file entry_37.pdb (PDB, C-alpha atoms, pLDDT in the B column)
ATOM      1  CA  MET A   1    -100.264  72.645 188.960  1.00 82.00           C
ATOM      2  CA  LEU A   2     -97.261  71.947 191.149  1.00 93.00           C
ATOM      3  CA  THR A   3     -93.999  70.736 189.672  1.00 95.00           C
ATOM      4  CA  CYS A   4     -91.964  69.986 192.777  1.00 95.00           C
ATOM      5  CA  ASP A   5     -92.787  67.347 195.395  1.00 96.00           C
ATOM      6  CA  TYR A   6     -92.949  69.008 198.808  1.00 97.00           C
ATOM      7  CA  ASP A   7     -92.295  65.747 200.624  1.00 96.00           C
ATOM      8  CA  ARG A   8     -89.034  65.289 198.722  1.00 97.00           C
ATOM      9  CA  LEU A   9     -88.175  68.931 199.306  1.00 97.00           C
ATOM     10  CA  GLY A  10     -88.665  68.324 203.026  1.00 97.00           C
ATOM     11  CA  LEU A  11     -90.685  71.468 203.676  1.00 97.00           C
ATOM     12  CA  ARG A  12     -91.817  71.817 207.290  1.00 95.00           C
ATOM     13  CA  HIS A  13     -94.075  74.186 209.155  1.00 94.00           C
ATOM     14  CA  GLY A  14     -92.174  77.351 210.036  1.00 94.00           C
ATOM     15  CA  ASP A  15     -89.546  77.036 207.287  1.00 97.00           C
ATOM     16  CA  LEU A  16     -88.465  80.155 205.441  1.00 98.00           C
ATOM     17  CA  VAL A  17     -88.892  79.559 201.703  1.00 98.00           C
ATOM     18  CA  LEU A  18     -87.693  81.462 198.650  1.00 98.00           C
ATOM     19  CA  ASP A  19     -89.675  80.937 195.446  1.00 98.00           C
ATOM     20  CA  LEU A  20     -87.294  82.379 192.851  1.00 97.00           C
ATOM     21  CA  GLY A  21     -88.928  83.233 189.547  1.00 96.00           C
ATOM     22  CA  CYS A  22     -92.299  82.738 191.200  1.00 96.00           C
ATOM     23  CA  GLY A  23     -94.322  83.664 188.115  1.00 94.00           C
ATOM     24  CA  PHE A  24     -97.920  83.890 189.238  1.00 92.00           C
ATOM     25  CA  GLY A  25     -97.238  82.068 192.468  1.00 95.00           C
ATOM     26  CA  ARG A  26     -98.297  78.410 192.342  1.00 95.00           C
ATOM     27  CA  HIS A  27     -95.408  77.140 194.480  1.00 97.00           C
ATOM     28  CA  ALA A  28     -95.431  80.193 196.753  1.00 97.00           C
ATOM     29  CA  TYR A  29     -99.122  79.671 197.549  1.00 96.00           C
ATOM     30  CA  GLU A  30     -98.707  75.985 198.309  1.00 96.00           C
ATOM     31  CA  SER A  31     -95.666  76.634 200.513  1.00 96.00           C
ATOM     32  CA  ALA A  32     -97.674  79.150 202.548  1.00 96.00           C
ATOM     33  CA  ARG A  33    -100.639  76.772 202.799  1.00 95.00           C
ATOM     34  CA  ARG A  34     -98.259  74.211 204.284  1.00 95.00           C
ATOM     35  CA  GLY A  35     -97.220  76.626 207.008  1.00 95.00           C
ATOM     36  CA  ALA A  36     -94.013  78.123 205.642  1.00 96.00           C
ATOM     37  CA  ASP A  37     -93.009  81.771 205.650  1.00 97.00           C
ATOM     38  CA  VAL A  38     -92.544  82.659 201.990  1.00 97.00           C
ATOM     39  CA  ILE A  39     -90.728  85.251 199.926  1.00 98.00           C
ATOM     40  CA  ALA A  40     -91.845  85.150 196.288  1.00 97.00           C
ATOM     41  CA  LEU A  41     -89.366  86.867 193.955  1.00 97.00           C
ATOM     42  CA  ASP A  42     -89.717  87.617 190.266  1.00 96.00           C
ATOM     43  CA  ALA A  43     -88.244  90.060 187.777  1.00 94.00           C
ATOM     44  CA  GLY A  44     -91.658  90.859 186.340  1.00 94.00           C
ATOM     45  CA  ALA A  45     -93.726  93.644 187.877  1.00 95.00           C
ATOM     46  CA  ASP A  46     -97.059  92.097 186.847  1.00 95.00           C
ATOM     47  CA  GLU A  47     -96.125  88.791 188.428  1.00 95.00           C
ATOM     48  CA  VAL A  48     -95.088  90.392 191.722  1.00 96.00           C
ATOM     49  CA  VAL A  49     -98.263  92.498 191.902  1.00 96.00           C
ATOM     50  CA  GLY A  50    -100.422  89.506 191.038  1.00 96.00           C
ATOM     51  CA  VAL A  51     -98.882  87.264 193.692  1.00 96.00           C
ATOM     52  CA  ALA A  52     -99.178  90.004 196.326  1.00 96.00           C
ATOM     53  CA  SER A  53    -102.881  90.365 195.490  1.00 96.00           C
ATOM     54  CA  VAL A  54    -103.512  86.644 195.802  1.00 96.00           C
ATOM     55  CA  PHE A  55    -101.611  86.492 199.086  1.00 95.00           C
ATOM     56  CA  ALA A  56    -103.811  89.302 200.380  1.00 94.00           C
ATOM     57  CA  ALA A  57    -106.957  87.469 199.296  1.00 95.00           C
ATOM     58  CA  MET A  58    -105.727  84.240 200.898  1.00 94.00           C
ATOM     59  CA  GLY A  59    -105.142  86.102 204.139  1.00 92.00           C
ATOM     60  CA  GLU A  60    -108.622  87.605 204.098  1.00 92.00           C
ATOM     61  CA  ALA A  61    -110.093  84.174 203.425  1.00 92.00           C
ATOM     62  CA  GLY A  62    -108.272  82.694 206.421  1.00 91.00           C
ATOM     63  CA  GLU A  63    -106.092  80.383 204.317  1.00 90.00           C
ATOM     64  CA  LEU A  64    -102.843  81.691 205.792  1.00 88.00           C
ATOM     65  CA  THR A  65    -102.640  80.854 209.473  1.00 84.00           C
ATOM     66  CA  ASP A  66     -99.629  82.013 211.485  1.00 89.00           C
ATOM     67  CA  VAL A  67     -97.421  82.514 208.409  1.00 94.00           C
ATOM     68  CA  ARG A  68     -95.723  85.536 206.918  1.00 95.00           C
ATOM     69  CA  VAL A  69     -95.500  86.182 203.184  1.00 96.00           C
ATOM     70  CA  ALA A  70     -93.844  88.829 201.042  1.00 96.00           C
ATOM     71  CA  THR A  71     -93.208  89.581 197.378  1.00 96.00           C
ATOM     72  CA  VAL A  72     -90.025  91.069 195.954  1.00 97.00           C
ATOM     73  CA  ARG A  73     -89.209  92.280 192.480  1.00 96.00           C
ATOM     74  CA  GLY A  74     -85.593  91.350 191.952  1.00 95.00           C
ATOM     75  CA  ASP A  75     -82.821  89.915 189.799  1.00 95.00           C
ATOM     76  CA  GLY A  76     -81.994  86.231 190.132  1.00 94.00           C
ATOM     77  CA  LEU A  77     -78.367  87.026 189.378  1.00 95.00           C
ATOM     78  CA  ARG A  78     -78.081  89.410 192.352  1.00 95.00           C
ATOM     79  CA  LEU A  79     -80.419  88.237 195.085  1.00 96.00           C
ATOM     80  CA  PRO A  80     -81.087  90.866 197.782  1.00 95.00           C
ATOM     81  CA  PHE A  81     -80.631  88.430 200.674  1.00 96.00           C
ATOM     82  CA  ASP A  82     -77.869  87.507 203.090  1.00 95.00           C
ATOM     83  CA  ASP A  83     -75.946  84.260 202.789  1.00 96.00           C
ATOM     84  CA  ALA A  84     -77.646  81.201 204.284  1.00 95.00           C
ATOM     85  CA  THR A  85     -81.024  82.905 204.715  1.00 96.00           C
ATOM     86  CA  PHE A  86     -83.498  80.249 203.545  1.00 97.00           C
ATOM     87  CA  ASP A  87     -84.417  76.755 204.730  1.00 97.00           C
ATOM     88  CA  ARG A  88     -85.872  75.807 201.336  1.00 98.00           C
ATOM     89  CA  VAL A  89     -85.526  77.258 197.853  1.00 98.00           C
ATOM     90  CA  ILE A  90     -87.718  76.571 194.834  1.00 98.00           C
ATOM     91  CA  CYS A  91     -86.636  77.592 191.329  1.00 98.00           C
ATOM     92  CA  SER A  92     -89.168  76.267 188.832  1.00 97.00           C
ATOM     93  CA  GLU A  93     -88.881  76.730 185.044  1.00 96.00           C
ATOM     94  CA  VAL A  94     -86.493  79.685 185.315  1.00 97.00           C
ATOM     95  CA  LEU A  95     -82.929  78.660 184.444  1.00 97.00           C
ATOM     96  CA  GLU A  96     -83.723  77.845 180.813  1.00 97.00           C
ATOM     97  CA  HIS A  97     -84.525  81.545 180.306  1.00 95.00           C
ATOM     98  CA  LEU A  98     -81.266  82.940 181.733  1.00 95.00           C
ATOM     99  CA  PRO A  99     -78.119  83.501 179.657  1.00 94.00           C
ATOM    100  CA  ASP A 100     -75.966  83.377 182.807  1.00 95.00           C
ATOM    101  CA  ASP A 101     -77.463  80.335 184.470  1.00 96.00           C
ATOM    102  CA  ARG A 102     -74.261  79.507 186.381  1.00 96.00           C
ATOM    103  CA  THR A 103     -74.419  82.802 188.274  1.00 96.00           C
ATOM    104  CA  ALA A 104     -78.083  82.170 189.090  1.00 97.00           C
ATOM    105  CA  MET A 105     -77.223  78.711 190.427  1.00 97.00           C
ATOM    106  CA  ALA A 106     -74.441  80.178 192.558  1.00 96.00           C
ATOM    107  CA  GLU A 107     -76.877  82.715 193.994  1.00 97.00           C
ATOM    108  CA  LEU A 108     -79.414  79.989 194.761  1.00 97.00           C
ATOM    109  CA  ALA A 109     -76.747  78.057 196.630  1.00 97.00           C
ATOM    110  CA  ARG A 110     -75.514  81.151 198.457  1.00 97.00           C
ATOM    111  CA  VAL A 111     -78.862  82.081 200.011  1.00 97.00           C
ATOM    112  CA  LEU A 112     -79.716  78.489 201.036  1.00 97.00           C
ATOM    113  CA  ARG A 113     -78.591  77.633 204.559  1.00 97.00           C
ATOM    114  CA  PRO A 114     -76.180  74.716 205.035  1.00 96.00           C
ATOM    115  CA  GLY A 115     -78.336  71.618 205.399  1.00 96.00           C
ATOM    116  CA  GLY A 116     -81.220  73.321 203.590  1.00 97.00           C
ATOM    117  CA  THR A 117     -82.844  71.816 200.522  1.00 98.00           C
ATOM    118  CA  MET A 118     -83.778  73.061 197.081  1.00 98.00           C
ATOM    119  CA  ALA A 119     -85.950  71.999 194.145  1.00 98.00           C
ATOM    120  CA  VAL A 120     -84.905  73.112 190.655  1.00 98.00           C
ATOM    121  CA  THR A 121     -87.077  72.328 187.640  1.00 98.00           C
ATOM    122  CA  VAL A 122     -86.448  72.844 183.921  1.00 98.00           C
ATOM    123  CA  PRO A 123     -88.010  71.483 180.736  1.00 98.00           C
ATOM    124  CA  ARG A 124     -86.960  67.879 180.098  1.00 97.00           C
ATOM    125  CA  TYR A 125     -84.553  67.295 177.219  1.00 98.00           C
ATOM    126  CA  GLY A 126     -86.577  64.923 175.015  1.00 97.00           C
ATOM    127  CA  PRO A 127     -90.005  66.588 175.110  1.00 97.00           C
ATOM    128  CA  GLU A 128     -88.398  70.026 174.815  1.00 97.00           C
ATOM    129  CA  LEU A 129     -86.364  68.952 171.794  1.00 97.00           C
ATOM    130  CA  VAL A 130     -89.600  67.949 170.049  1.00 98.00           C
ATOM    131  CA  ASN A 131     -91.093  71.384 170.764  1.00 97.00           C
ATOM    132  CA  TRP A 132     -88.060  73.166 169.307  1.00 97.00           C
ATOM    133  CA  ALA A 133     -88.106  70.919 166.226  1.00 97.00           C
ATOM    134  CA  LEU A 134     -91.792  71.581 165.578  1.00 97.00           C
ATOM    135  CA  SER A 135     -91.847  75.341 166.161  1.00 95.00           C
ATOM    136  CA  ASP A 136     -89.396  78.225 166.184  1.00 94.00           C
ATOM    137  CA  GLU A 137     -92.011  80.501 167.738  1.00 92.00           C
ATOM    138  CA  TYR A 138     -92.195  78.221 170.776  1.00 94.00           C
ATOM    139  CA  HIS A 139     -88.800  79.377 172.007  1.00 93.00           C
ATOM    140  CA  ASN A 140     -87.604  82.146 169.702  1.00 90.00           C
ATOM    141  CA  VAL A 141     -89.443  84.963 171.488  1.00 89.00           C
ATOM    142  CA  PRO A 142     -88.277  87.695 173.879  1.00 88.00           C
ATOM    143  CA  GLY A 143     -87.634  86.095 177.253  1.00 88.00           C
ATOM    144  CA  GLY A 144     -88.112  82.603 175.806  1.00 92.00           C
ATOM    145  CA  HIS A 145     -86.152  79.419 176.335  1.00 95.00           C
ATOM    146  CA  ILE A 146     -82.529  79.794 175.251  1.00 95.00           C
ATOM    147  CA  ARG A 147     -81.224  76.299 175.978  1.00 96.00           C
ATOM    148  CA  ILE A 148     -82.291  72.687 176.383  1.00 97.00           C
ATOM    149  CA  TYR A 149     -80.589  71.006 179.315  1.00 97.00           C
ATOM    150  CA  ARG A 150     -79.250  67.516 179.128  1.00 96.00           C
ATOM    151  CA  ARG A 151     -79.615  65.879 182.523  1.00 95.00           C
ATOM    152  CA  SER A 152     -75.858  65.491 182.977  1.00 95.00           C
ATOM    153  CA  GLN A 153     -75.270  69.148 182.088  1.00 97.00           C
ATOM    154  CA  LEU A 154     -77.868  70.395 184.554  1.00 97.00           C
ATOM    155  CA  LEU A 155     -76.640  68.208 187.405  1.00 97.00           C
ATOM    156  CA  GLY A 156     -73.023  69.110 186.686  1.00 97.00           C
ATOM    157  CA  ARG A 157     -73.671  72.839 186.838  1.00 97.00           C
ATOM    158  CA  LEU A 158     -75.657  72.539 190.057  1.00 97.00           C
ATOM    159  CA  ARG A 159     -72.846  70.515 191.624  1.00 97.00           C
ATOM    160  CA  ASP A 160     -70.340  73.127 190.459  1.00 96.00           C
ATOM    161  CA  ALA A 161     -72.404  75.686 192.408  1.00 96.00           C
ATOM    162  CA  GLY A 162     -71.676  73.721 195.579  1.00 95.00           C
ATOM    163  CA  LEU A 163     -74.921  71.753 195.831  1.00 97.00           C
ATOM    164  CA  GLU A 164     -75.374  68.060 196.552  1.00 97.00           C
ATOM    165  CA  VAL A 165     -77.840  66.192 194.333  1.00 98.00           C
ATOM    166  CA  LEU A 166     -80.327  64.175 196.396  1.00 97.00           C
ATOM    167  CA  GLY A 167     -82.400  62.838 193.521  1.00 97.00           C
ATOM    168  CA  THR A 168     -84.432  63.650 190.435  1.00 97.00           C
ATOM    169  CA  GLY A 169     -87.971  63.199 189.205  1.00 96.00           C
ATOM    170  CA  HIS A 170     -90.293  64.070 186.340  1.00 97.00           C
ATOM    171  CA  ALA A 171     -93.599  65.911 186.241  1.00 97.00           C
ATOM    172  CA  HIS A 172     -96.475  66.869 183.938  1.00 97.00           C
ATOM    173  CA  GLY A 173     -96.760  63.812 181.713  1.00 97.00           C
ATOM    174  CA  LEU A 174    -100.065  65.065 180.315  1.00 96.00           C
ATOM    175  CA  HIS A 175     -98.559  68.384 179.279  1.00 97.00           C
ATOM    176  CA  SER A 176     -95.941  67.252 176.752  1.00 97.00           C
ATOM    177  CA  PRO A 177     -98.487  66.052 174.132  1.00 97.00           C
ATOM    178  CA  TYR A 178    -100.409  69.279 174.596  1.00 97.00           C
ATOM    179  CA  TRP A 179     -97.338  71.372 173.753  1.00 97.00           C
ATOM    180  CA  TRP A 180     -96.386  69.121 170.858  1.00 97.00           C
ATOM    181  CA  LEU A 181     -99.866  69.703 169.470  1.00 97.00           C
ATOM    182  CA  LYS A 182     -99.632  73.466 169.985  1.00 96.00           C
ATOM    183  CA  CYS A 183     -96.231  73.589 168.309  1.00 97.00           C
ATOM    184  CA  ALA A 184     -97.537  71.556 165.376  1.00 97.00           C
ATOM    185  CA  VAL A 185    -100.578  73.785 164.704  1.00 96.00           C
ATOM    186  CA  GLY A 186     -99.064  77.112 165.852  1.00 95.00           C
ATOM    187  CA  THR A 187     -98.433  78.170 169.443  1.00 93.00           C
ATOM    188  CA  THR A 188    -100.875  81.071 169.174  1.00 92.00           C
ATOM    189  CA  ASN A 189    -103.601  79.046 167.446  1.00 93.00           C
ATOM    190  CA  GLU A 190    -105.770  78.739 170.550  1.00 91.00           C
ATOM    191  CA  GLY A 191    -108.909  78.218 168.495  1.00 94.00           C
ATOM    192  CA  HIS A 192    -107.794  74.931 166.943  1.00 95.00           C
ATOM    193  CA  VAL A 193    -110.366  72.282 167.816  1.00 96.00           C
ATOM    194  CA  LEU A 194    -107.804  69.775 169.138  1.00 96.00           C
ATOM    195  CA  VAL A 195    -105.989  72.424 171.178  1.00 96.00           C
ATOM    196  CA  ARG A 196    -109.231  73.557 172.770  1.00 96.00           C
ATOM    197  CA  ALA A 197    -110.261  69.986 173.566  1.00 97.00           C
ATOM    198  CA  TYR A 198    -106.905  69.137 175.119  1.00 97.00           C
ATOM    199  CA  HIS A 199    -106.880  72.391 177.071  1.00 96.00           C
ATOM    200  CA  ARG A 200    -110.262  71.501 178.572  1.00 96.00           C
ATOM    201  CA  LEU A 201    -108.783  68.176 179.672  1.00 96.00           C
ATOM    202  CA  LEU A 202    -105.853  69.900 181.375  1.00 96.00           C
ATOM    203  CA  VAL A 203    -108.103  72.426 183.105  1.00 95.00           C
ATOM    204  CA  ARG A 204    -110.292  69.601 184.415  1.00 95.00           C
ATOM    205  CA  ASP A 205    -107.208  67.789 185.663  1.00 94.00           C
ATOM    206  CA  ILE A 206    -105.953  70.889 187.493  1.00 92.00           C
ATOM    207  CA  VAL A 207    -109.308  71.955 188.946  1.00 92.00           C
ATOM    208  CA  GLU A 208    -111.015  68.639 189.659  1.00 94.00           C
ATOM    209  CA  ALA A 209    -108.088  66.165 189.696  1.00 93.00           C
ATOM    210  CA  PRO A 210    -110.188  63.165 188.599  1.00 95.00           C
ATOM    211  CA  ARG A 211    -108.636  59.775 189.235  1.00 95.00           C
ATOM    212  CA  SER A 212    -108.406  58.986 185.505  1.00 96.00           C
ATOM    213  CA  THR A 213    -106.238  61.989 184.582  1.00 96.00           C
ATOM    214  CA  ARG A 214    -104.164  61.725 187.775  1.00 95.00           C
ATOM    215  CA  LEU A 215    -103.351  58.096 186.997  1.00 97.00           C
ATOM    216  CA  ALA A 216    -102.548  58.953 183.380  1.00 97.00           C
ATOM    217  CA  ASP A 217    -100.244  61.787 184.419  1.00 96.00           C
ATOM    218  CA  ARG A 218     -98.482  59.572 186.962  1.00 95.00           C
ATOM    219  CA  ALA A 219     -97.923  56.871 184.340  1.00 97.00           C
ATOM    220  CA  LEU A 220     -96.748  59.272 181.625  1.00 97.00           C
ATOM    221  CA  SER A 221     -94.477  61.500 183.720  1.00 97.00           C
ATOM    222  CA  PRO A 222     -91.507  59.082 183.909  1.00 96.00           C
ATOM    223  CA  LEU A 223     -91.746  58.551 180.143  1.00 97.00           C
ATOM    224  CA  ILE A 224     -92.595  61.955 178.650  1.00 97.00           C
ATOM    225  CA  GLY A 225     -92.990  64.320 181.585  1.00 97.00           C
ATOM    226  CA  LYS A 226     -92.468  67.893 180.397  1.00 97.00           C
ATOM    227  CA  SER A 227     -90.350  68.872 183.403  1.00 97.00           C
ATOM    228  CA  VAL A 228     -87.368  67.345 185.152  1.00 97.00           C
ATOM    229  CA  VAL A 229     -87.064  68.115 188.863  1.00 98.00           C
ATOM    230  CA  VAL A 230     -83.764  68.038 190.760  1.00 98.00           C
ATOM    231  CA  TYR A 231     -83.719  67.882 194.559  1.00 98.00           C
ATOM    232  CA  LEU A 232     -80.588  69.275 196.168  1.00 98.00           C
ATOM    233  CA  ARG A 233     -79.005  70.097 199.499  1.00 97.00           C
ATOM    234  CA  ARG A 234     -76.359  72.592 200.519  1.00 97.00           C
ATOM    235  CA  PRO A 235     -73.720  70.571 202.415  1.00 95.00           C
ATOM    236  CA  VAL A 236     -73.661  71.281 206.128  1.00 91.00           C
ATOM    237  CA  GLY A 237     -69.967  72.115 206.210  1.00 78.00           C
ATOM    238  CA  SER A 238     -70.060  74.525 203.270  1.00 67.00           C
ATOM    239  CA  ALA A 239     -70.294  77.696 205.368  1.00 57.00           C
ATOM    240  CA  ALA A 240     -71.455  79.034 208.689  1.00 41.00           C
ATOM    241  CA  ALA A 241     -75.169  79.775 208.774  1.00 41.00           C
ATOM    242  CA  THR A 242     -76.214  83.330 209.497  1.00 45.00           C
ATOM    243  CA  PRO A 243     -79.018  83.923 212.043  1.00 44.00           C
ATOM    244  CA  GLN A 244     -82.475  83.873 210.496  1.00 46.00           C
ATOM    245  CA  ALA A 245     -83.689  86.742 212.662  1.00 39.00           C
ATOM    246  CA  HIS A 246     -82.461  89.163 210.031  1.00 46.00           C
ATOM    247  CA  ALA A 247     -84.312  87.311 207.284  1.00 47.00           C
ATOM    248  CA  ALA A 248     -87.514  87.221 209.297  1.00 44.00           C
ATOM    249  CA  ALA A 249     -87.264  90.965 209.993  1.00 42.00           C
ATOM    250  CA  ALA A 250     -86.758  91.623 206.300  1.00 51.00           C
ATOM    251  CA  LEU A 251     -89.840  89.542 205.509  1.00 58.00           C
ATOM    252  CA  VAL A 252     -92.053  91.472 207.907  1.00 38.00           C
ATOM    253  CA  SER A 253     -90.833  94.887 206.735  1.00 43.00           C
ATOM    254  CA  SER A 254     -91.076  94.166 202.989  1.00 46.00           C
TER
END
call {"tool": "encode", "arguments": {"input": "entry_37.pdb", "output": "structure tokens"}}
result
Amino acid sequence: MLTCDYDRLGLRHGDLVLDLGCGFGRHAYESARRGADVIALDAGADEVVGVASVFAAMGEAGELTDVRVATVRGDGLRLPFDDATFDRVICSEVLEHLPDDRTAMAELARVLRPGGTMAVTVPRYGPELVNWALSDEYHNVPGGHIRIYRRSQLLGRLRDAGLEVLGTGHAHGLHSPYWWLKCAVGTTNEGHVLVRAYHRLLVRDIVEAPRSTRLADRALSPLIGKSVVVYLRRPVGSAAATPQAHAAAALVSS
């Protein structure tokens, strides 16, 4: 279930990609499948171990051809990389969890090379507002969502970090009603008949991608898509790029 559009991101074979807040690796895996060298970073130990295991399995299965991958447990507020290291950066559904999101945005901009591109995704204002109104337990949990971004606020903060906005999009139109339903009946009430039925629909969409659900998601995403995606670029004249040899060496040795 990918949130960012790799064509709009401009990912090319041989790029060096940072997936910050990788979770269990969906964007990291797809980046590697498309021929990029990937560093997947997360603060959670379970997430980092899980992604490393899947990368290993992908390698054994021959899915990773002529690419290098690594996992790093790290802090998004203090990234362990040189300036201008990465060609592409993905930060999906992370910033809404961080009290100091401005510092995280500055770090994202710092490690992106001048001319490089980035995709940042967060929950969309309208659908997220409904979730918060329906359920405190949806967001009021350790490590949960601490803010709802208005589009203008998000774009303004990313621009303040020195990034140029290339465009925006929306994703996961089928997922907003599912979360509204979960918030209405209880976010932990997995046994509810409607929740189970809707979950089966989402699993079928992810695994089989039938034309009917793909068309429905495409139609609903501009209207009620759960995520907003911002595509950005670090201006070419913002700083001198550092050689990527150091970054590649760090990737191999990690």
call {"tool": "resolve_selection", "arguments": {"input": "entry_37.pdb", "expression": "the PyMOL selection byres ((chain A and resi 194-202) around 8)", "output": "PyMOL selection string"}}
result
chain A and resi 174-175+178+181-182+189-193+203-206
call {"tool": "closest_residue", "arguments": {"input": "entry_37.pdb", "among": "A:Ala106, A:Val17, A:Cys4, A:Leu41", "to": "Thr121 in chain A", "atoms": "all atoms listed in the file"}}
result
A:Cys4
call {"tool": "atom_distance", "arguments": {"input": "entry_37.pdb", "atom1": "CA of Arg33 in chain A", "atom2": "CA of Tyr231 in chain A"}}
result
20.8 Å
call {"tool": "resolve_selection", "arguments": {"input": "entry_37.pdb", "expression": "the PyMOL selection byres ((chain A and resi 75) around 12)", "output": "list in words"}}
result
Leu20, Gly21, Cys22, Leu41, Asp42, Ala43, Gly44, Ala45, Val72, Arg73, Gly74, Gly76, Leu77, Arg78, Leu79, Pro80, Phe81, Val94, Leu98, Asp100, Thr103, Ala104, Glu107 and Leu108 of chain A
call {"tool": "residues_around", "arguments": {"input": "entry_37.pdb", "residues": "Val228 in chain A", "least_positions_apart": "4", "cutoff": "9 Å", "atoms": "only C-alpha atoms", "output": "PyMOL selection string"}}
result
chain A and resi 3+120-125+151+168-171
call {"tool": "closest_residue", "arguments": {"input": "entry_37.pdb", "among": "A:Arg234, A:His172, A:Glu30, A:Leu129", "to": "Leu215 in chain A", "atoms": "only C-alpha atoms"}}
result
A:His172
call {"tool": "residues_near_point", "arguments": {"input": "entry_37.pdb", "point": "(-98.5, 60.2, 184.2)", "cutoff": "12 Å", "atoms": "all atoms listed in the file", "output": "PyMOL selection string"}}
result
chain A and resi 170-177+205+211-227
call {"tool": "closest_residue", "arguments": {"input": "entry_37.pdb", "among": "A:Ala84, A:Gln153, A:Glu164, A:Trp179", "to": "Ser135 in chain A", "atoms": "all atoms listed in the file"}}
result
A:Trp179
call {"tool": "resolve_selection", "arguments": {"input": "entry_37.pdb", "expression": "the PyMOL selection byres ((chain A and resi 27) around 12)", "output": "PyMOL selection string"}}
result
chain A and resi 1-6+9+11+17-26+28-34+36+38-41+51+88-93+119-121
call {"tool": "residues_around", "arguments": {"input": "entry_37.pdb", "residues": "Leu158 in chain A", "least_positions_apart": "2", "cutoff": "9 Å", "atoms": "all atoms listed in the file", "output": "PDB file with C-alpha atoms, keeping the file's coordinate frame"}}
result
ATOM      1  CA  ARG A 102     -74.261  79.507 186.381  1.00 96.00           C
ATOM      2  CA  MET A 105     -77.223  78.711 190.427  1.00 97.00           C
ATOM      3  CA  ALA A 106     -74.441  80.178 192.558  1.00 96.00           C
ATOM      4  CA  ALA A 109     -76.747  78.057 196.630  1.00 97.00           C
ATOM      5  CA  GLN A 153     -75.270  69.148 182.088  1.00 97.00           C
ATOM      6  CA  LEU A 154     -77.868  70.395 184.554  1.00 97.00           C
ATOM      7  CA  LEU A 155     -76.640  68.208 187.405  1.00 97.00           C
ATOM      8  CA  GLY A 156     -73.023  69.110 186.686  1.00 97.00           C
ATOM      9  CA  ASP A 160     -70.340  73.127 190.459  1.00 96.00           C
ATOM     10  CA  ALA A 161     -72.404  75.686 192.408  1.00 96.00           C
ATOM     11  CA  GLY A 162     -71.676  73.721 195.579  1.00 95.00           C
ATOM     12  CA  LEU A 163     -74.921  71.753 195.831  1.00 97.00           C
ATOM     13  CA  GLU A 164     -75.374  68.060 196.552  1.00 97.00           C
ATOM     14  CA  VAL A 165     -77.840  66.192 194.333  1.00 98.00           C
ATOM     15  CA  LEU A 232     -80.588  69.275 196.168  1.00 98.00           C
TER      16      LEU A 232
END
call {"tool": "residues_around", "arguments": {"input": "entry_37.pdb", "residues": "His145 in chain A", "least_positions_apart": "5", "cutoff": "6 Å", "atoms": "all atoms listed in the file", "output": "PyMOL selection string"}}
result
chain A and resi 96-97+139
call {"tool": "closest_residue", "arguments": {"input": "entry_37.pdb", "among": "A:Thr71, A:Met58, A:Gly50, A:Arg8", "to": "Val229 in chain A", "atoms": "all atoms listed in the file"}}
result
A:Arg8
call {"tool": "decode", "arguments": {"input": "entry_37.pdb", "residues": "range 65-76 of chain A", "atoms": "N, CA and C atoms", "output": "mmCIF file, in the first residue's frame"}}
result
data_model
loop_
_atom_site.group_PDB
_atom_site.id
_atom_site.type_symbol
_atom_site.label_atom_id
_atom_site.label_comp_id
_atom_site.auth_asym_id
_atom_site.auth_seq_id
_atom_site.Cartn_x
_atom_site.Cartn_y
_atom_site.Cartn_z
ATOM 1 N N THR A 65 18.264 -6.829 -7.446
ATOM 2 C CA THR A 65 19.330 -7.024 -8.418
ATOM 3 C C THR A 65 20.203 -5.777 -8.490
ATOM 4 N N ASP A 66 21.475 -5.928 -8.154
ATOM 5 C CA ASP A 66 22.439 -4.840 -8.284
ATOM 6 C C ASP A 66 22.032 -3.606 -7.478
ATOM 7 N N VAL A 67 21.458 -3.823 -6.281
ATOM 8 C CA VAL A 67 21.152 -2.710 -5.386
ATOM 9 C C VAL A 67 21.698 -3.026 -4.002
ATOM 10 N N ARG A 68 21.926 -1.972 -3.240
ATOM 11 C CA ARG A 68 22.390 -2.119 -1.870
ATOM 12 C C ARG A 68 21.339 -1.552 -0.927
ATOM 13 N N VAL A 69 21.107 -2.247 0.177
ATOM 14 C CA VAL A 69 20.092 -1.821 1.135
ATOM 15 C C VAL A 69 20.679 -1.904 2.541
ATOM 16 N N ALA A 70 20.171 -1.064 3.420
ATOM 17 C CA ALA A 70 20.611 -1.074 4.811
ATOM 18 C C ALA A 70 19.488 -0.550 5.685
ATOM 19 N N THR A 71 19.505 -0.951 6.951
ATOM 20 C CA THR A 71 18.555 -0.440 7.935
ATOM 21 C C THR A 71 19.335 0.240 9.056
ATOM 22 N N VAL A 72 18.747 1.302 9.581
ATOM 23 C CA VAL A 72 19.380 2.084 10.642
ATOM 24 C C VAL A 72 18.329 2.428 11.683
ATOM 25 N N ARG A 73 18.651 2.201 12.936
ATOM 26 C CA ARG A 73 17.796 2.699 14.005
ATOM 27 C C ARG A 73 18.319 4.071 14.390
ATOM 28 N N GLY A 74 17.476 5.090 14.270
ATOM 29 C CA GLY A 74 17.964 6.436 14.489
ATOM 30 C C GLY A 74 16.852 7.408 14.819
ATOM 31 N N ASP A 75 17.244 8.633 15.098
ATOM 32 C CA ASP A 75 16.370 9.719 15.517
ATOM 33 C C ASP A 75 16.180 10.679 14.346
ATOM 34 N N GLY A 76 14.940 10.899 13.956
ATOM 35 C CA GLY A 76 14.659 11.811 12.859
ATOM 36 C C GLY A 76 15.030 13.247 13.131
#
